[in-house]
Amino acid sequence: MSSQITRRRFNAALAGAGLAAALAPFGIVRAQARKVRIGVILPRSGYLGFLGQSCQKGADLAPAVIKDMLGVDIELMNADFESNVDTARTRAERLIQEGANVLIGAFDSGASAAIAQVAEQRGIPFVVNIAAAPQITEQGYKFTVRNFPTSVDLVRNGLALIGDLFQATNTAPRSAVFMHVNDTFGQANAKAIAALMPRLTQLPFKIVETIAYDPAAKDLTVEVSKAKATNADFLLNVCRVQDSIILRREMVKQRWQPMGIIGPGNPGMYEEQYYKALGKLSEYSISNVPWYHPKADITRAVEKQFLKQNPKDKPMYHALNVGFTFESILIIADAFKRAKTADPKALNDAIHQTDIKNRMMLGGPIKFNAKGQVEGIASACIQNLNLRPTVVLPANAAEAKPVFPVPGYKKA
Amino acid sequence: MTWDLVANVAIAGVLTGLVYGLMALGLSVIFGVVRVVNFAHGEMMTIAMYATVALFAAWRIDPFLAVVPVAAAFFVFGYLLQARLINPFVTRPEHSQFILLLAVAIIITNALMVSFGPDARNVQVDYQLESYAIGPILFDKARLYAAGMALAASAALFAFFRFSLTGKAIRACADNYLGAKVVGLDVKRYYALTFGLGAACVAVAGCMMILLVDVTPILGPAYTLLAFVIVIVGGLGSMGGALLGGVLIGLSEALAGLFIQPSAKSMISFGLLILVLLFRPQGLLGKKA
């Protein structure tokens, strides 16, 4: 067989290539109309690894649940940013190059801010699943929206619930030591607390000392020694998972037993890893965080799919992470259905017009304001009771009564 | 600020520093004799930590008992690593040695990530959350025992190099490579033996470190860097210097966390490093080149 390329063959090949090139855009449009490609950027390794994996469970179950709900096909393109902000930026770039129509992520405020910049430059919509730093929706970005409270809202809700907790337990602690991680999320929370505390005169306590620490810290001996030395009545703690475990152990080692540990709007102490690592020492820790509506139909559908995909796991340990990640994908699917195209600009316009009333998380409808922020997301007071996160406030949603002050760790 | 707070923090810093010192001792021994800078040092300690976790999970072997099999396995691993992989590089330019050991470090980190996943792991021994109290001063049991083991292992290593014939032969190889060859010492074998001892040393440190911190696959680089800081402060190649450097870094980090800001701890150890490099480049107990 001759391998020589003749003029005729060359022309035929050229014509074929030209035809294919001319038809390619139509092919893309057809493909886009059938499904939306979502780039999911999460910290599945590194010090946020457990939380990223927890969020990933919410993303993984979304296509099946949403197909049943809306009849929309979703293709997930997953990327791990390794708990590193710079890596988050490069992963976002790569996902866009590989054809993602829209991005979601990134659990972490620093990483979300970096991805938002990329999304803005490339004109690709970015739906923040979990990240509280206010600046993410304060930069005037056109392509970034967030279905998660800002740290100010988180802390405002969290502090209000602390007041409710004291009222419900008939206690009035006078002092708190405030410990917080010094990453973007922790700093944003610290600023919010500093701004809100002077105005919340109904709260009986004062913050006697603030101690910032590295979220990737391997040892918190000094930090806990300082906190213990304040003799504060309780510990107000803005933490992540791994550091909250180290902190709790160190408290026991140093025989420090305050009235309780309260997270005013942060992850960590209701996560599965906290229970697994600490066992009974995890008991009674309190987190005031956005939570899912246990009786909503959509929650049942999500829980059913969760158990199908993770038969050995329990949805309640991933409630916040799964709920908000699922809702991010729901927002995109809903917008895609209305826009009838996966063109990023049309999709972005549709996302901004979102009005989802039937949602999984507690609070008002998913509706973005002019800055791309959902308002009115509620928090619940979650206490670790019998090795599981239990709603103890508000009273109308409570599964048990709050315990405060908490019993000593030896009795736990 | 009360005296008992300062004392508690200082004691914790010194005890942690002793374990740091043992870890750095391995690096110092290897460099002092073989003249190869082990860029995979922290990663090797991470393997030892995982080995301890695995032994505890499988047979509830206490980290203090795990020291024996883990250190023995590391001695063999270190010996073979030097004999089979590093020896050919001993006479090559330093940058080839650096790249070789960096490659080993990256392979270890990724292999651990694949094998164990990204989650933090630890051991939960009975005494881990307990402490001794003398008045207001608390001695964390795990930290105290770990520091004791670090001192014992260091003393054994000192004694080996000072009193045993093999130790003396290794020192001869370190002092005069050519002279050692002339008198008939098998220098390459002694190098491998030294690397094995350094690896065993880091294995003991790893078994103790798991009582103090949780292990993740990405822990290695931070401890490699810390080991470098310690041996440079103490004096590269000086065994006593490594222990002193460890205690100084542990103590200064703890006190910096107390008096300045906990998040400024690393800043202080690196500040100390710069001061030593400026005013005593050979390190506190190091000899001038």
# chains A, B, ... in the order shown; residues from 1 in each chain; ligands from 1
$ interface_residues --of "chain B" --to "chain A" --cutoff "10 Å" --atoms "only C-alpha atoms" --output "VMD selection string"
chain B and resid 1 to 2 4 to 6 8 to 10 12 to 13 16 113 117 to 124 127 to 133 137 to 142 212 to 219 253 to 259 261 to 265
$ atom_distance --atom1 "CA of Asn266 (chain A)" --atom2 "CA of Phe324 (chain A)"
14.0 Å
$ residues_around --residues "Phe75 (chain B)" --least-positions-apart "2" --cutoff "7 Å" --atoms "only C-alpha atoms" --output "mmCIF file with C-alpha atoms, in the first residue's frame"
data_model
loop_
_atom_site.group_PDB
_atom_site.id
_atom_site.type_symbol
_atom_site.label_atom_id
_atom_site.label_comp_id
_atom_site.auth_asym_id
_atom_site.auth_seq_id
_atom_site.Cartn_x
_atom_site.Cartn_y
_atom_site.Cartn_z
ATOM 1 C CA ALA B 71 14.457 1.385 64.962
ATOM 2 C CA ALA B 72 15.783 -2.020 63.838
ATOM 3 C CA ALA B 73 13.854 -1.809 60.573
ATOM 4 C CA PHE B 77 16.550 0.651 55.660
ATOM 5 C CA GLY B 78 19.177 3.357 56.283
ATOM 6 C CA TYR B 79 22.054 0.924 55.763
ATOM 7 C CA GLY B 196 21.690 3.168 59.433
ATOM 8 C CA LEU B 197 22.379 4.569 62.898
ATOM 9 C CA ALA B 199 17.959 6.419 60.465
ATOM 10 C CA ALA B 200 17.463 4.387 63.672
#
$ residues_around --residues "Tyr177 (chain B)" --least-positions-apart "3" --cutoff "12 Å" --atoms "only C-alpha atoms" --output "list in words"
Val33, Val34, Arg35, Val90, Thr91, Ala169, Ile170, Arg171, Ala172, Cys173, Ala174, Ala180, Lys181, Val182, Val183, Gly184, Leu185, Asp186, Val187, Lys188, Tyr190 and Tyr191 of chain B
$ write_last_selection --atoms "C-alpha atoms" --output "compact mmCIF listing (two decimals), in the first residue's frame"
# COMPACT_ATOMS: atom_id res chain seq x y z
CA VAL B 33 30.39 11.30 59.05
CA VAL B 34 29.06 10.80 55.53
CA ARG B 35 29.00 14.54 54.64
CA VAL B 90 29.26 10.55 47.96
CA THR B 91 32.04 11.72 45.65
CA ALA B 169 36.26 3.48 63.39
CA ILE B 170 33.32 5.57 62.19
CA ARG B 171 34.83 8.66 63.84
CA ALA B 172 38.13 7.89 62.12
CA CYS B 173 36.32 7.78 58.76
CA ALA B 174 34.70 11.12 59.56
CA ALA B 180 40.90 5.66 57.22
CA LYS B 181 41.28 4.01 53.82
CA VAL B 182 45.06 3.79 54.22
CA VAL B 183 44.73 1.89 57.50
CA GLY B 184 42.35 -0.54 55.81
CA LEU B 185 38.94 0.58 57.05
CA ASP B 186 36.04 -0.25 54.75
CA VAL B 187 34.85 3.36 54.61
CA LYS B 188 31.78 2.74 52.43
CA TYR B 190 31.06 2.41 57.81
CA TYR B 191 29.18 5.13 55.92
$ residues_around --residues "region 141-153 of chain A" --least-positions-apart "4" --cutoff "8 Å" --atoms "only C-alpha atoms" --output "PyMOL selection string"
chain A and resi 116+119-120+123-134+137+157+185+188-189+192-193+265+324+327-328+348+352+366+368+371-377
$ select_by_dssp --residues "region 153-334 of chain A" --states "alpha helix (DSSP H)" --output "PyMOL selection string"
chain A and resi 153-169+184-196+221-229+241-253+272-278+297-309+319-334
$ decode --residues "region 62-180 of chain A" --atoms "C-alpha atoms" --output "compact mmCIF listing (two decimals), in the first residue's frame"
# COMPACT_ATOMS: atom_id res chain seq x y z
CA ALA A 62 -25.99 15.82 43.61
CA PRO A 63 -26.18 14.59 39.97
CA ALA A 64 -28.50 11.68 40.86
CA VAL A 65 -30.77 13.69 43.19
CA ILE A 66 -30.97 16.64 40.80
CA LYS A 67 -31.65 14.41 37.80
CA ASP A 68 -34.72 13.13 39.67
CA MET A 69 -35.75 16.62 40.78
CA LEU A 70 -35.11 18.72 37.68
CA GLY A 71 -34.27 16.23 34.93
CA VAL A 72 -30.93 17.97 34.39
CA ASP A 73 -27.72 16.11 33.51
CA ILE A 74 -24.62 17.17 35.38
CA GLU A 75 -21.01 16.25 34.77
CA LEU A 76 -18.68 16.86 37.70
CA MET A 77 -15.02 17.72 37.11
CA ASN A 78 -13.34 17.28 40.49
CA ALA A 79 -10.13 18.99 41.59
CA ASP A 80 -8.25 18.85 44.90
CA PHE A 81 -6.51 22.09 45.88
CA GLU A 82 -4.57 20.41 48.70
CA SER A 83 -5.50 23.08 51.29
CA ASN A 84 -3.21 25.48 49.43
CA VAL A 85 -4.54 28.79 48.10
CA ASP A 86 -2.08 28.97 45.19
CA THR A 87 -3.02 25.48 44.12
CA ALA A 88 -6.70 26.50 44.20
CA ARG A 89 -5.95 29.22 41.67
CA THR A 90 -4.13 26.87 39.29
CA ARG A 91 -6.80 24.17 39.65
CA ALA A 92 -9.47 26.72 38.71
CA GLU A 93 -7.48 27.74 35.62
CA ARG A 94 -7.06 24.12 34.60
CA LEU A 95 -10.72 23.23 35.06
CA ILE A 96 -11.72 26.16 32.88
CA GLN A 97 -9.21 25.10 30.21
CA GLU A 98 -10.61 21.58 30.34
CA GLY A 99 -14.11 22.86 29.62
CA ALA A 100 -15.86 23.53 32.94
CA ASN A 101 -18.92 25.75 32.36
CA VAL A 102 -19.10 26.81 35.97
CA LEU A 103 -17.07 26.38 39.16
CA ILE A 104 -18.07 25.61 42.72
CA GLY A 105 -16.02 25.49 45.93
CA ALA A 106 -13.94 25.89 47.88
CA PHE A 107 -14.82 25.44 51.58
CA ASP A 108 -11.99 27.82 52.48
CA SER A 109 -12.24 31.64 52.32
CA GLY A 110 -8.69 32.23 51.08
CA ALA A 111 -9.05 29.68 48.30
CA SER A 112 -12.53 30.94 47.38
CA ALA A 113 -11.20 34.49 47.07
CA ALA A 114 -8.44 33.25 44.75
CA ILE A 115 -10.88 31.24 42.60
CA ALA A 116 -13.24 34.23 42.42
CA GLN A 117 -10.42 36.27 40.83
CA VAL A 118 -9.83 33.58 38.20
CA ALA A 119 -13.57 33.23 37.54
CA GLU A 120 -13.87 36.98 37.05
CA GLN A 121 -10.91 37.13 34.67
CA ARG A 122 -12.18 34.20 32.61
CA GLY A 123 -15.89 35.10 32.72
CA ILE A 124 -16.91 31.77 34.28
CA PRO A 125 -19.59 31.69 37.02
CA PHE A 126 -18.36 30.64 40.45
CA VAL A 127 -20.78 29.50 43.17
CA VAL A 128 -19.20 29.52 46.63
CA ASN A 129 -20.43 26.53 48.63
CA ILE A 130 -18.82 27.35 51.97
CA ALA A 131 -16.61 30.36 52.78
CA ALA A 132 -17.49 33.19 55.10
CA ALA A 133 -14.98 36.02 54.56
CA PRO A 134 -17.15 39.05 53.65
CA GLN A 135 -14.71 40.39 51.04
CA ILE A 136 -15.54 37.55 48.62
CA THR A 137 -18.83 39.26 47.74
CA GLU A 138 -17.63 42.79 48.46
CA GLN A 139 -15.24 43.11 45.48
CA GLY A 140 -17.93 43.90 42.91
CA TYR A 141 -17.37 40.57 41.12
CA LYS A 142 -19.94 39.84 38.42
CA PHE A 143 -19.34 36.09 38.22
CA THR A 144 -19.18 35.07 41.89
CA VAL A 145 -22.17 34.28 44.09
CA ARG A 146 -22.34 32.79 47.57
CA ASN A 147 -25.00 30.68 49.23
CA PHE A 148 -23.40 30.81 52.68
CA PRO A 149 -23.52 33.45 55.41
CA THR A 150 -20.73 36.00 55.68
CA SER A 151 -18.64 35.80 58.85
CA VAL A 152 -20.51 38.83 60.19
CA ASP A 153 -23.85 37.06 59.73
CA LEU A 154 -22.43 33.79 61.05
CA VAL A 155 -21.08 35.46 64.16
CA ARG A 156 -24.18 37.61 64.66
CA ASN A 157 -26.37 34.49 64.55
CA GLY A 158 -23.87 32.56 66.66
CA LEU A 159 -23.62 35.20 69.38
CA ALA A 160 -27.41 35.58 69.48
CA LEU A 161 -27.66 31.82 70.03
CA ILE A 162 -25.09 32.04 72.84
CA GLY A 163 -27.42 34.53 74.56
CA ASP A 164 -30.30 32.09 74.02
CA LEU A 165 -28.18 29.25 75.41
CA PHE A 166 -27.45 31.13 78.63
CA GLN A 167 -31.10 32.00 78.98
CA ALA A 168 -32.20 28.41 78.36
CA THR A 169 -29.72 27.06 80.92
CA ASN A 170 -30.20 29.92 83.37
CA THR A 171 -26.50 30.74 83.46
CA ALA A 172 -24.56 33.99 83.13
CA PRO A 173 -20.84 33.47 82.48
CA ARG A 174 -18.89 36.68 82.99
CA SER A 175 -15.81 36.07 80.91
CA ALA A 176 -14.64 34.26 77.79
CA VAL A 177 -11.24 33.63 76.27
CA PHE A 178 -11.41 33.84 72.51
CA MET A 179 -9.15 31.51 70.50
CA HIS A 180 -9.18 31.58 66.73
